[in-house]
>>> print(open('final39.txt').read())   # compact mmCIF, C-alpha atoms
# COMPACT_ATOMS: atom_id res chain seq x y z
CA MET A 1 27.58 -44.02 7.77
CA PHE A 2 26.56 -41.07 9.87
CA ILE A 3 26.56 -38.74 6.89
CA LEU A 4 24.54 -41.23 4.86
CA ASN A 5 21.93 -41.37 7.61
CA LEU A 6 21.79 -37.62 7.72
CA ILE A 7 21.23 -37.38 3.98
CA LEU A 8 18.56 -40.07 4.14
CA LYS A 9 16.76 -38.19 6.91
CA LEU A 10 16.99 -34.95 4.98
CA GLY A 11 15.64 -36.67 1.92
CA SER A 12 12.64 -38.16 3.72
CA TRP A 13 11.93 -34.79 5.34
CA GLY A 14 12.06 -33.05 2.01
CA GLN A 15 9.86 -35.67 0.42
CA ARG A 16 7.23 -35.27 3.15
CA ARG A 17 7.27 -31.48 2.79
CA LEU A 18 6.99 -31.67 -0.97
CA SER A 19 4.13 -34.14 -0.90
CA ALA A 20 2.33 -31.97 1.67
CA ILE A 21 2.65 -28.96 -0.63
CA GLY A 22 1.37 -31.11 -3.47
CA ARG A 23 -1.64 -32.32 -1.46
CA ALA A 24 -2.37 -28.74 -0.39
CA THR A 25 -2.33 -27.54 -3.99
CA ILE A 26 -4.58 -30.41 -5.11
CA MET A 27 -7.01 -29.61 -2.27
CA LEU A 28 -7.14 -25.95 -3.23
CA PHE A 29 -7.46 -26.75 -6.93
CA TYR A 30 -10.38 -29.14 -6.53
CA SER A 31 -12.19 -26.90 -4.09
CA LEU A 32 -11.95 -23.79 -6.27
CA VAL A 33 -11.98 -25.03 -9.87
CA GLY A 34 -15.23 -26.25 -11.28
CA ARG A 35 -18.66 -25.12 -12.37
CA PRO A 36 -19.58 -22.16 -10.14
CA GLN A 37 -22.70 -22.67 -8.02
CA PHE A 38 -23.34 -19.21 -6.66
CA ARG A 39 -26.91 -19.80 -5.57
CA LYS A 40 -26.07 -22.96 -3.67
CA ASN A 41 -22.92 -21.68 -1.99
CA PHE A 42 -23.88 -18.10 -1.25
CA PRO A 43 -25.61 -18.73 2.13
CA GLN A 44 -22.59 -20.81 3.18
CA LEU A 45 -20.26 -17.97 2.19
CA ILE A 46 -22.27 -15.40 4.16
CA ARG A 47 -22.26 -17.67 7.19
CA GLN A 48 -18.48 -18.14 6.99
CA ILE A 49 -17.82 -14.41 6.53
CA TYR A 50 -19.82 -13.95 9.71
CA VAL A 51 -17.76 -16.52 11.61
CA VAL A 52 -14.37 -15.55 10.16
CA GLY A 53 -14.73 -11.83 9.61
CA VAL A 54 -17.46 -10.24 11.67
CA GLN A 55 -16.54 -12.04 14.86
CA SER A 56 -12.91 -10.87 14.49
CA ILE A 57 -13.85 -7.19 14.33
CA SER A 58 -13.63 -6.58 18.07
CA ILE A 59 -10.06 -7.84 18.46
CA ILE A 60 -8.99 -6.02 15.27
CA VAL A 61 -10.48 -2.69 16.37
CA VAL A 62 -9.08 -2.87 19.90
CA SER A 63 -5.57 -3.85 18.84
CA GLY A 64 -5.59 -1.31 16.02
CA LEU A 65 -6.55 1.45 18.41
CA PHE A 66 -3.85 0.58 20.90
CA ILE A 67 -1.12 0.10 18.29
CA GLY A 68 -1.95 3.50 16.83
CA MET A 69 -1.94 5.10 20.26
CA VAL A 70 1.43 3.56 21.17
CA LEU A 71 2.92 4.69 17.86
CA GLY A 72 1.63 8.21 18.50
CA LEU A 73 3.08 8.28 22.00
CA GLN A 74 6.48 6.82 21.10
CA GLY A 75 6.79 8.85 17.92
CA PHE A 76 5.92 12.07 19.72
CA HIS A 77 8.63 11.62 22.36
CA VAL A 78 11.29 10.99 19.72
CA LEU A 79 10.15 13.70 17.30
CA VAL A 80 9.73 16.40 19.92
CA ASP A 81 13.49 16.33 20.54
CA PHE A 82 14.02 17.47 16.95
CA MET A 83 11.17 19.99 17.00
CA ALA A 84 9.52 17.82 14.36
CA GLU A 85 6.18 16.90 15.96
CA GLY A 86 4.58 17.93 12.67
CA ALA A 87 5.87 14.75 11.10
CA LEU A 88 3.94 12.61 13.59
CA GLY A 89 0.95 12.05 11.29
CA GLN A 90 3.24 11.08 8.46
CA MET A 91 5.14 8.63 10.65
CA VAL A 92 2.08 6.96 12.15
CA ALA A 93 0.30 6.66 8.81
CA LEU A 94 3.32 5.32 6.92
CA ALA A 95 4.14 2.76 9.61
CA ILE A 96 0.57 1.51 9.86
CA ILE A 97 -0.32 1.52 6.16
CA ARG A 98 2.87 0.01 4.86
CA GLU A 99 3.71 -2.57 7.50
CA LEU A 100 1.74 -2.86 10.70
CA GLY A 101 -1.72 -2.84 9.18
CA PRO A 102 -1.42 -5.82 6.86
CA VAL A 103 1.02 -7.80 9.02
CA VAL A 104 -0.57 -7.42 12.45
CA THR A 105 -4.05 -8.01 11.06
CA ALA A 106 -2.86 -11.18 9.34
CA LEU A 107 -1.18 -12.42 12.54
CA LEU A 108 -4.27 -11.73 14.64
CA PHE A 109 -6.42 -13.32 11.95
CA ALA A 110 -4.25 -16.45 11.97
CA GLY A 111 -4.62 -16.73 15.73
CA ARG A 112 -8.29 -15.82 15.92
CA ALA A 113 -9.82 -17.37 12.80
CA GLY A 114 -7.17 -19.68 11.32
CA SER A 115 -6.83 -21.89 14.38
CA ALA A 116 -10.62 -22.10 14.75
CA LEU A 117 -11.00 -23.19 11.12
CA THR A 118 -8.33 -25.87 11.52
CA ALA A 119 -9.98 -27.25 14.65
CA GLU A 120 -13.43 -27.19 13.06
CA ILE A 121 -12.43 -29.01 9.89
CA GLY A 122 -10.22 -31.36 11.88
CA LEU A 123 -13.13 -32.35 14.10
CA LYS A 124 -15.32 -32.81 11.03
CA LYS A 125 -12.70 -35.19 9.72
CA ALA A 126 -12.15 -36.98 13.02
CA THR A 127 -15.87 -37.62 13.44
CA GLU A 128 -16.05 -38.75 9.79
CA GLN A 129 -18.43 -36.01 8.74
CA LEU A 130 -16.39 -35.37 5.61
CA LEU A 131 -16.56 -39.04 4.68
CA SER A 132 -20.30 -39.19 5.20
CA MET A 133 -20.69 -36.13 2.99
CA GLU A 134 -18.90 -38.02 0.25
CA MET A 135 -21.27 -40.94 0.82
CA MET A 136 -24.15 -38.54 0.15
CA ALA A 137 -22.47 -37.45 -3.10
CA VAL A 138 -21.66 -34.02 -1.69
CA ASP A 139 -18.11 -32.98 -2.48
CA PRO A 140 -16.66 -31.90 0.91
CA LEU A 141 -14.04 -29.77 -0.84
CA ARG A 142 -16.70 -27.73 -2.61
CA ARG A 143 -19.10 -27.71 0.32
CA VAL A 144 -16.73 -27.18 3.29
CA ILE A 145 -13.40 -25.88 2.07
CA ALA A 146 -14.37 -23.48 -0.73
CA PRO A 147 -16.77 -21.17 1.23
CA ARG A 148 -14.27 -20.89 4.07
CA PHE A 149 -11.46 -20.03 1.66
CA TRP A 150 -13.43 -17.29 -0.06
CA ALA A 151 -14.70 -15.99 3.27
CA GLY A 152 -11.10 -15.59 4.47
CA VAL A 153 -9.93 -13.96 1.25
CA ILE A 154 -12.81 -11.47 1.44
CA SER A 155 -12.66 -10.81 5.19
CA LEU A 156 -8.95 -10.21 5.81
CA PRO A 157 -8.54 -7.25 3.42
CA LEU A 158 -11.69 -5.67 4.87
CA LEU A 159 -10.36 -6.19 8.39
CA THR A 160 -7.03 -4.68 7.32
CA ILE A 161 -8.78 -1.54 6.08
CA ILE A 162 -10.64 -1.20 9.38
CA PHE A 163 -7.45 -1.82 11.37
CA THR A 164 -5.55 0.83 9.38
CA LEU A 165 -8.19 3.51 9.82
CA VAL A 166 -8.68 2.80 13.52
CA GLY A 167 -4.90 2.79 14.06
CA ILE A 168 -4.44 6.16 12.39
CA PHE A 169 -7.27 7.62 14.45
CA GLY A 170 -5.64 6.12 17.57
CA GLY A 171 -2.43 7.94 16.68
CA LYS A 172 -4.42 11.11 16.10
CA LEU A 173 -6.16 10.70 19.47
CA VAL A 174 -2.86 10.63 21.35
CA GLY A 175 -0.87 13.04 19.17
CA VAL A 176 -3.43 15.74 18.47
CA ASP A 177 -5.96 15.52 21.29
CA TRP A 178 -3.68 14.70 24.22
CA LEU A 179 -0.18 15.90 23.32
CA GLY A 180 -1.12 18.98 21.32
CA VAL A 181 0.26 18.44 17.82
CA ASP A 182 -1.49 20.79 15.42
CA ASP A 183 -4.48 19.14 13.77
CA GLY A 184 -3.95 20.66 10.31
CA ILE A 185 -0.26 19.82 10.15
CA PHE A 186 -0.97 16.27 11.31
CA TRP A 187 -3.36 15.59 8.44
CA SER A 188 -1.67 17.62 5.69
CA GLY A 189 1.74 16.09 6.41
CA MET A 190 0.10 12.69 6.15
CA GLN A 191 -1.66 13.53 2.91
CA SER A 192 1.45 14.88 1.25
CA SER A 193 3.51 11.79 2.03
CA ILE A 194 0.96 9.07 1.34
CA ASP A 195 0.06 8.21 -2.20
CA PHE A 196 -3.14 6.38 -3.04
CA TRP A 197 -1.56 3.95 -5.52
CA ASP A 198 1.90 3.55 -4.00
CA ASP A 199 0.83 3.05 -0.40
CA LEU A 200 -2.83 2.14 -0.05
CA MET A 201 -2.93 -0.20 -3.04
CA MET A 202 0.28 -1.91 -1.93
CA CYS A 203 -1.31 -2.35 1.48
CA ALA A 204 -4.32 -3.96 -0.19
CA ILE A 205 -2.17 -6.25 -2.33
CA LYS A 206 -0.21 -7.33 0.73
CA SER A 207 -3.32 -8.12 2.70
CA VAL A 208 -4.82 -10.18 -0.15
CA VAL A 209 -1.61 -12.20 -0.40
CA PHE A 210 -1.56 -12.72 3.37
CA ALA A 211 -5.23 -13.73 3.33
CA ILE A 212 -4.63 -16.45 0.75
CA THR A 213 -1.58 -17.70 2.64
CA VAL A 214 -3.14 -17.80 6.09
CA ILE A 215 -6.44 -19.31 5.05
CA TRP A 216 -4.80 -21.89 2.82
CA ILE A 217 -2.45 -23.05 5.58
CA ALA A 218 -5.33 -23.21 8.07
CA LEU A 219 -7.63 -25.19 5.78
CA PHE A 220 -4.95 -27.61 4.68
CA ASN A 221 -3.79 -28.31 8.21
CA GLY A 222 -7.37 -29.11 9.17
CA TYR A 223 -8.07 -31.21 6.10
CA ASP A 224 -4.83 -33.17 6.26
CA LEU A 225 -4.50 -33.88 9.99
CA VAL A 226 -4.29 -37.24 11.71
CA PRO A 227 -7.88 -37.72 12.94
CA THR A 228 -7.17 -38.05 16.65
CA SER A 229 -7.37 -35.58 19.54
CA VAL A 230 -3.57 -35.26 19.54
CA GLY A 231 -3.62 -34.73 15.80
CA ILE A 232 -6.14 -31.89 16.10
CA SER A 233 -4.12 -30.09 18.76
CA LYS A 234 -0.93 -30.50 16.71
CA ALA A 235 -2.60 -29.21 13.57
CA THR A 236 -4.00 -26.17 15.36
CA THR A 237 -0.56 -25.30 16.70
CA ASN A 238 0.95 -25.86 13.26
CA THR A 239 -1.55 -23.49 11.70
CA VAL A 240 -0.67 -20.60 13.97
CA VAL A 241 3.09 -21.17 13.80
CA GLN A 242 3.31 -21.78 10.08
CA SER A 243 0.99 -19.00 9.03
CA SER A 244 2.69 -16.45 11.31
CA LEU A 245 6.10 -17.36 9.92
CA ALA A 246 4.78 -17.36 6.36
CA VAL A 247 3.23 -13.91 6.83
CA LEU A 248 6.42 -12.42 8.25
CA GLY A 249 8.59 -13.98 5.56
CA LEU A 250 6.27 -13.00 2.73
CA ASP A 251 6.07 -9.48 4.13
CA PHE A 252 9.80 -9.06 3.68
CA VAL A 253 9.69 -10.45 0.15
CA LEU A 254 6.71 -8.28 -0.85
CA THR A 255 8.29 -5.15 0.67
CA ALA A 256 11.53 -5.83 -1.17
CA VAL A 257 9.68 -6.29 -4.45
CA MET A 258 7.22 -3.41 -4.17
CA PHE A 259 8.94 -0.46 -2.51
CA MET B 1 -37.92 -11.02 2.45
CA LYS B 2 -36.76 -13.10 5.36
CA PHE B 3 -34.71 -11.13 7.90
CA SER B 4 -31.53 -12.95 8.85
CA LYS B 5 -29.33 -11.63 11.63
CA ILE B 6 -26.20 -13.12 10.15
CA GLU B 7 -26.79 -11.63 6.71
CA PHE B 8 -27.49 -8.27 8.32
CA THR B 9 -24.26 -8.23 10.34
CA VAL B 10 -22.20 -9.37 7.36
CA GLY B 11 -23.75 -6.58 5.32
CA CYS B 12 -22.89 -4.08 8.04
CA PHE B 13 -19.32 -5.44 8.17
CA ILE B 14 -18.79 -4.99 4.44
CA VAL B 15 -20.37 -1.52 4.43
CA ALA B 16 -18.20 -0.47 7.40
CA ALA B 17 -15.06 -1.70 5.65
CA ILE B 18 -15.98 0.15 2.45
CA ILE B 19 -16.62 3.36 4.40
CA CYS B 20 -13.25 2.94 6.12
CA GLY B 21 -11.59 2.46 2.73
CA VAL B 22 -13.16 5.61 1.31
CA LEU B 23 -12.19 7.57 4.43
CA LEU B 24 -8.61 6.31 4.13
CA ALA B 25 -8.43 7.33 0.49
CA LEU B 26 -9.90 10.78 1.11
CA LYS B 27 -8.53 11.74 4.49
CA VAL B 28 -5.18 9.95 4.63
CA ALA B 29 -4.06 9.73 1.01
CA GLY B 30 -5.68 13.05 0.14
CA LEU B 31 -7.24 11.63 -3.00
CA THR B 32 -9.67 13.91 -4.79
CA PHE B 33 -11.95 12.59 -7.49
CA ASP B 34 -12.68 15.66 -9.61
CA PHE B 35 -8.99 16.46 -10.07
CA LYS B 36 -7.83 14.20 -12.85
CA ASN B 37 -10.57 14.69 -15.42
CA ASP B 38 -10.54 18.45 -15.52
CA CYS B 39 -6.97 19.07 -16.60
CA TYR B 40 -5.02 20.03 -19.66
CA THR B 41 -1.55 18.74 -20.43
CA VAL B 42 1.46 20.83 -21.38
CA HIS B 43 5.06 19.75 -21.69
CA GLY B 44 8.47 21.32 -21.47
CA TYR B 45 12.04 20.39 -22.36
CA PHE B 46 14.51 20.59 -19.51
CA ASP B 47 18.28 20.11 -19.47
CA ASN B 48 18.10 18.23 -16.19
CA VAL B 49 15.08 17.18 -14.17
CA GLY B 50 17.00 16.40 -10.98
CA SER B 51 14.95 14.18 -8.69
CA LEU B 52 11.56 15.31 -9.97
CA LYS B 53 9.06 12.47 -9.68
CA LEU B 54 5.72 11.51 -11.15
CA ARG B 55 2.87 13.26 -9.33
CA SER B 56 5.19 16.01 -8.07
CA PRO B 57 3.22 19.22 -7.63
CA VAL B 58 3.10 22.03 -10.18
CA LYS B 59 2.82 25.37 -8.37
CA ILE B 60 2.19 28.99 -9.20
CA GLY B 61 3.53 31.17 -6.43
CA GLY B 62 3.45 28.27 -4.01
CA VAL B 63 -0.13 27.19 -4.74
CA VAL B 64 -0.60 23.73 -6.24
CA VAL B 65 -2.32 23.97 -9.64
CA GLY B 66 -1.43 20.59 -11.12
CA ARG B 67 0.74 17.49 -11.09
CA VAL B 68 3.58 16.06 -13.14
CA SER B 69 2.02 13.30 -15.24
CA ASN B 70 4.93 11.90 -17.21
CA ILE B 71 8.73 12.16 -17.43
CA TYR B 72 10.66 10.70 -20.33
CA VAL B 73 13.58 11.43 -22.65
CA ASP B 74 12.81 12.64 -26.16
CA PRO B 75 14.20 9.79 -28.29
CA GLU B 76 15.46 12.08 -31.05
CA LYS B 77 16.76 15.12 -29.21
CA LEU B 78 17.85 13.11 -26.15
CA VAL B 79 16.51 15.80 -23.85
CA PRO B 80 14.32 15.10 -20.80
CA VAL B 81 10.66 16.01 -21.32
CA VAL B 82 8.26 16.65 -18.45
CA GLU B 83 4.51 16.45 -19.04
CA MET B 84 2.33 18.23 -16.51
CA GLU B 85 -1.40 18.33 -16.00
CA ILE B 86 -2.75 21.72 -14.99
CA GLN B 87 -6.29 22.20 -13.73
CA ARG B 88 -8.63 23.53 -16.40
CA LYS B 89 -9.66 26.54 -14.31
CA TYR B 90 -6.13 27.99 -14.62
CA ASN B 91 -6.40 28.36 -18.41
CA MET B 92 -5.20 31.96 -18.63
CA LEU B 93 -1.50 31.05 -18.65
CA SER B 94 0.29 32.72 -21.54
CA SER B 95 2.72 30.82 -23.74
CA GLU B 96 5.50 33.05 -22.43
CA SER B 97 5.25 31.56 -18.95
CA LYS B 98 8.36 30.08 -17.46
CA ALA B 99 8.45 26.62 -15.90
CA SER B 100 11.40 25.88 -13.64
CA ILE B 101 12.24 22.98 -11.39
CA LEU B 102 12.63 24.21 -7.83
CA THR B 103 13.34 22.61 -4.50
CA ALA B 104 11.18 23.09 -1.41
CA GLY B 105 13.66 24.00 1.29
CA LEU B 106 17.26 22.83 1.31
CA ILE B 107 16.59 19.09 1.18
CA GLY B 108 12.89 19.10 0.37
CA GLU B 109 11.08 17.54 -2.54
CA GLN B 110 11.36 19.04 -6.00
CA TYR B 111 8.42 20.65 -7.76
CA ILE B 112 7.74 22.69 -10.87
CA GLY B 113 7.22 26.38 -10.30
CA ILE B 114 5.43 28.29 -13.07
CA THR B 115 6.03 32.00 -13.39
CA PRO B 116 3.16 33.44 -15.45
CA GLY B 117 4.32 35.46 -18.45
CA PHE B 118 2.78 38.49 -20.13
CA TYR B 119 -0.09 38.20 -22.58
CA ASP B 120 -0.22 40.42 -25.62
CA GLU B 121 -2.03 39.43 -28.80
CA ASP B 122 -0.01 41.83 -30.95
CA MET B 123 3.23 40.15 -29.89
CA GLY B 124 1.85 36.77 -30.97
CA THR B 125 1.54 35.19 -27.52
CA THR B 126 -1.30 32.81 -26.89
CA TYR B 127 -2.85 31.04 -23.94
CA LEU B 128 -1.48 27.57 -23.25
CA LYS B 129 -3.73 24.83 -24.63
CA ASP B 130 -3.78 21.06 -24.28
CA GLY B 131 -0.58 19.60 -25.77
CA ASP B 132 1.29 22.91 -25.92
CA ARG B 133 4.95 23.27 -25.13
CA ILE B 134 6.42 25.66 -22.60
CA ASN B 135 9.54 27.07 -24.27
CA ASP B 136 11.03 28.94 -21.36
CA THR B 137 12.25 26.38 -18.85
CA GLY B 138 14.72 26.37 -15.99
CA SER B 139 16.46 23.16 -15.02
CA ALA B 140 16.90 21.66 -11.61
CA ILE B 141 19.88 22.86 -9.64
CA VAL B 142 22.03 19.85 -8.89
CA LEU B 143 23.87 20.42 -5.64
CA GLU B 144 26.85 18.27 -6.68
CA ASP B 145 27.37 20.40 -9.80
CA LEU B 146 27.33 23.57 -7.72
CA ILE B 147 29.82 22.16 -5.24
CA GLY B 148 31.96 20.95 -8.13
CA LYS B 149 31.97 24.39 -9.75
CA PHE B 150 32.73 26.05 -6.43
CA LEU B 151 35.64 23.72 -5.65
CA TYR B 152 36.98 24.13 -9.16
CA SER B 153 36.87 27.92 -8.93
CA VAL B 154 38.44 27.89 -5.45
CA ASN B 155 41.29 25.69 -6.69
CA LYS B 156 41.86 27.89 -9.72
CA SER B 157 41.92 31.10 -7.69
CA ASP B 158 44.23 29.54 -5.11
CA SER B 159 46.78 28.68 -7.75
CA SER B 160 46.54 32.03 -9.55
CA SER B 161 46.77 34.39 -6.57
CA GLU B 162 47.47 34.26 -2.85
CA SER B 163 44.96 36.83 -1.68
CA SER B 164 41.65 35.49 -0.39
CA SER B 165 39.60 38.49 -1.52
CA SER B 166 40.30 37.99 -5.24
CA GLY B 167 39.65 34.27 -4.77
CA SER B 168 36.13 34.79 -3.54
CA GLY B 169 35.57 37.31 -6.34
CA ASP B 170 36.56 34.67 -8.89
CA ALA B 171 34.19 32.17 -7.36
CA GLU B 172 31.33 34.59 -7.71
CA ASN B 173 32.17 35.32 -11.32
CA VAL B 174 32.21 31.65 -12.25
CA GLN B 175 28.92 30.98 -10.56
>>> encode(input="final39.txt", output="structure tokens")
Amino acid sequence: MFILNLILKLGSWGQRRLSAIGRATIMLFYSLVGRPQFRKNFPQLIRQIYVVGVQSISIIVVSGLFIGMVLGLQGFHVLVDFMAEGALGQMVALAIIRELGPVVTALLFAGRAGSALTAEIGLKKATEQLLSMEMMAVDPLRRVIAPRFWAGVISLPLLTIIFTLVGIFGGKLVGVDWLGVDDGIFWSGMQSSIDFWDDLMMCAIKSVVFAITVIWIALFNGYDLVPTSVGISKATTNTVVQSSLAVLGLDFVLTAVMF
Amino acid sequence: MKFSKIEFTVGCFIVAAIICGVLLALKVAGLTFDFKNDCYTVHGYFDNVGSLKLRSPVKIGGVVVGRVSNIYVDPEKLVPVVEMEIQRKYNMLSSESKASILTAGLIGEQYIGITPGFYDEDMGTTYLKDGDRINDTGSAIVLEDLIGKFLYSVNKSDSSSESSSSGSGDAENVQ
């Protein structure tokens, strides 16, 4: 009897998950597929890039700078034991470009922009703004969801690029300017070990994948929540937790596939 | 045109990100744009390419003059072929030049070192052109093979004679 109950519970859990994935796919499909209306949606897109991307720059730049500086400091103290300070640039750049850049940016983005999007769309739903849009023959998926999706997919890779560059310069600030690693060796070691296609393009691919994941989870959680105050708070939490886990898991899969 | 603060900041954001991307490509990845177009391709047959990789440097006397562009096995002769792109400004290489696969340091990366050969029209040598083949090649030294040969020679000399001096002499001969 106990085992039967367990299986039943598992089954209902699995069914709920599956139907949620199905609803999420349908939402994404209807918001993205259709006759493109660039002129109508472009101002919306610009506005959302401003909210999602531009307003996240400060946190991205500050955390990138400090992560680069910490990497420079820690790396220097380990490498100096082996008389290998010259490899500091290589180490900082590889760590940031391959892993920390895409992953940390996506995590910060999920916390900074993803949760805000969920709460915004959730409140629109709770106050029946989405329903009234439908009454006015405006498709809320095309009008609300689509510009936010594209804004996220455009913004996160750009933020990742900024994070990566700032992080490397943070490492350079500590390693070269404070601790006295040679400037030329720092940069030339980096350039010899980093390949444009193998490293930078993989970084870009990763960040695009993370962008789609994070923004999709955030939008779906907002669109699908129970329209109460408790529901909004739950959905916001879900967004941050689920997208962080998804980013970390996907990062492992992508690294295993690509490198 | 109407000035919108939001549009302006978004424009700045995108421009800043593009500048960062270009800086990354140039400064961190060391990408140069005028490199690829201005090259000619030569190839050589090697017995063993070791751990030579695509985009490994091609050097003359330690100075990078090109990159390895392709590595494959000739389907008929079953011999590894390495294609390398050499910058067009180094077009005075004679066809008698030697290309050998060398290792930077004891455990460093492998690269192709070109030793320029003599040029004499009467002897029938020419300058290397696009698509030419370098006949004189030297294969990669595989450390395991060397160790294997050394151990083999040590074992043989141990069994043939007791004295250590003749043993080491044998090892040198075999190598």
>>> interface_residues(input="final39.txt", of="chain A", to="chain B", cutoff="6 Å", atoms="all atoms listed in the file", output="list in words")
Tyr50, Leu158, Ile161, Ile162, Gln191, Ile194, Asp195 and Phe196 of chain A
>>> closest_residue(input="final39.txt", among="A:Ile168, A:Leu88, A:Leu8, A:Ala113", to="A:Val51", atoms="only C-alpha atoms")
A:Ala113
>>> closest_residue(input="final39.txt", among="A:Leu219, A:Asp198, A:Arg16, A:Lys125", to="B:Leu54", atoms="all atoms listed in the file")
A:Asp198
>>> atom_distance(input="final39.txt", atom1="atom CA of A:Leu248", atom2="atom CA of A:Cys203")
14.4 Å
>>> atom_distance(input="final39.txt", atom1="atom CA of A:Ala256", atom2="atom CA of A:Leu100")
15.7 Å
>>> residues_near_point(input="final39.txt", point="(-16.0, -27.7, 7.3)", cutoff="10 Å", atoms="all atoms listed in the file", output="list in words")
Gln48, Leu117, Thr118, Ala119, Glu120, Ile121, Gly122, Leu123, Lys124, Lys125, Gln129, Leu130, Pro140, Leu141, Arg142, Arg143, Val144, Ile145, Ala146, Pro147, Arg148, Leu219, Gly222 and Tyr223 of chain A
>>> atom_distance(input="final39.txt", atom1="atom CA of A:Ala204", atom2="atom CA of A:Phe66")
21.6 Å
>>> residues_around(input="final39.txt", residues="B:Met123", least_positions_apart="2", cutoff="12 Å", atoms="all atoms listed in the file", output="list in words")
Ser94, Ser95, Glu96, Phe118, Tyr119, Asp120, Glu121, Thr125 and Thr126 of chain B
>>> residues_near_point(input="final39.txt", point="(16.5, 18.0, -26.1)", cutoff="12 Å", atoms="all atoms listed in the file", output="PDB file with C-alpha atoms, in the frame of the given file")
ATOM      1  CA  GLY B  44       8.470  21.320 -21.470  1.00  0.00           C
ATOM      2  CA  TYR B  45      12.040  20.390 -22.360  1.00  0.00           C
ATOM      3  CA  PHE B  46      14.510  20.590 -19.510  1.00  0.00           C
ATOM      4  CA  ASP B  47      18.280  20.110 -19.470  1.00  0.00           C
ATOM      5  CA  ASN B  48      18.100  18.230 -16.190  1.00  0.00           C
ATOM      6  CA  TYR B  72      10.660  10.700 -20.330  1.00  0.00           C
ATOM      7  CA  VAL B  73      13.580  11.430 -22.650  1.00  0.00           C
ATOM      8  CA  ASP B  74      12.810  12.640 -26.160  1.00  0.00           C
ATOM      9  CA  PRO B  75      14.200   9.790 -28.290  1.00  0.00           C
ATOM     10  CA  GLU B  76      15.460  12.080 -31.050  1.00  0.00           C
ATOM     11  CA  LYS B  77      16.760  15.120 -29.210  1.00  0.00           C
ATOM     12  CA  LEU B  78      17.850  13.110 -26.150  1.00  0.00           C
ATOM     13  CA  VAL B  79      16.510  15.800 -23.850  1.00  0.00           C
ATOM     14  CA  PRO B  80      14.320  15.100 -20.800  1.00  0.00           C
ATOM     15  CA  VAL B  81      10.660  16.010 -21.320  1.00  0.00           C
ATOM     16  CA  VAL B  82       8.260  16.650 -18.450  1.00  0.00           C
ATOM     17  CA  ASN B 135       9.540  27.070 -24.270  1.00  0.00           C
ATOM     18  CA  THR B 137      12.250  26.380 -18.850  1.00  0.00           C
TER      19      THR B 137
END
>>> closest_residue(input="final39.txt", among="A:Val181, A:Met1, A:Val54, A:Ile7", to="A:His77", atoms="only C-alpha atoms")
A:Val181
>>> closest_residue(input="final39.txt", among="B:Leu128, B:Ala99, B:Val64, B:Met92", to="B:Val49", atoms="all atoms listed in the file")
B:Ala99
>>> closest_atom_pairs(input="final39.txt", of="stretch 13-123 of chain B", to="stretch 131-134 of chain B", cutoff="6 Å", atoms="all atoms listed in the file", output="Markdown table")
| residue | atom | partner | partner_atom | distance |
| --- | --- | --- | --- | --- |
| B:Thr41 | CA | B:Gly131 | CA | 5.5 |
| B:Val42 | CA | B:Gly131 | CA | 5.0 |
| B:His43 | CA | B:Arg133 | CA | 4.9 |
| B:Gly44 | CA | B:Ile134 | CA | 4.9 |
>>> closest_residue(input="final39.txt", among="B:Thr103, B:Ile112, B:Tyr90, B:Gly138", to="B:Arg67", atoms="all atoms listed in the file")
B:Ile112
>>> residues_around(input="final39.txt", residues="A:Val103", least_positions_apart="5", cutoff="10 Å", atoms="only C-alpha atoms", output="VMD selection string")
chain A and resid 96 to 98 108 to 109 160 203 206 to 207 210 244 247 to 248 250 to 251
>>> residues_around(input="final39.txt", residues="A:Leu28", least_positions_apart="3", cutoff="9 Å", atoms="only C-alpha atoms", output="JSON, numbers by chain")
{"A": [23, 24, 25, 31, 32, 33, 141, 145, 146, 149, 216, 220]}
>>> residues_around(input="final39.txt", residues="stretch 68-75 of chain A", least_positions_apart="2", cutoff="9 Å", atoms="only C-alpha atoms", output="PyMOL selection string")
chain A and resi 63-66+77-80+85+88-89+91-93+95-96+164+166-175+179
>>> write_last_selection(input="final39.txt", atoms="C-alpha atoms", output="tab-separated table (two decimals), in the frame of the given file")
chain	number	residue	atom	x	y	z
A	63	SER	CA	-5.57	-3.85	18.84
A	64	GLY	CA	-5.59	-1.31	16.02
A	65	LEU	CA	-6.55	1.45	18.41
A	66	PHE	CA	-3.85	0.58	20.90
A	77	HIS	CA	8.63	11.62	22.36
A	78	VAL	CA	11.29	10.99	19.72
A	79	LEU	CA	10.15	13.70	17.30
A	80	VAL	CA	9.73	16.40	19.92
A	85	GLU	CA	6.18	16.90	15.96
A	88	LEU	CA	3.94	12.61	13.59
A	89	GLY	CA	0.95	12.05	11.29
A	91	MET	CA	5.14	8.63	10.65
A	92	VAL	CA	2.08	6.96	12.15
A	93	ALA	CA	0.30	6.66	8.81
A	95	ALA	CA	4.14	2.76	9.61
A	96	ILE	CA	0.57	1.51	9.86
A	164	THR	CA	-5.55	0.83	9.38
A	166	VAL	CA	-8.68	2.80	13.52
A	167	GLY	CA	-4.90	2.79	14.06
A	168	ILE	CA	-4.44	6.16	12.39
A	169	PHE	CA	-7.27	7.62	14.45
A	170	GLY	CA	-5.64	6.12	17.57
A	171	GLY	CA	-2.43	7.94	16.68
A	172	LYS	CA	-4.42	11.11	16.10
A	173	LEU	CA	-6.16	10.70	19.47
A	174	VAL	CA	-2.86	10.63	21.35
A	175	GLY	CA	-0.87	13.04	19.17
A	179	LEU	CA	-0.18	15.90	23.32
>>> closest_residue(input="final39.txt", among="A:Gly189, A:Gly22, A:Pro43, A:Gly101", to="A:Val61", atoms="only C-alpha atoms")
A:Gly101
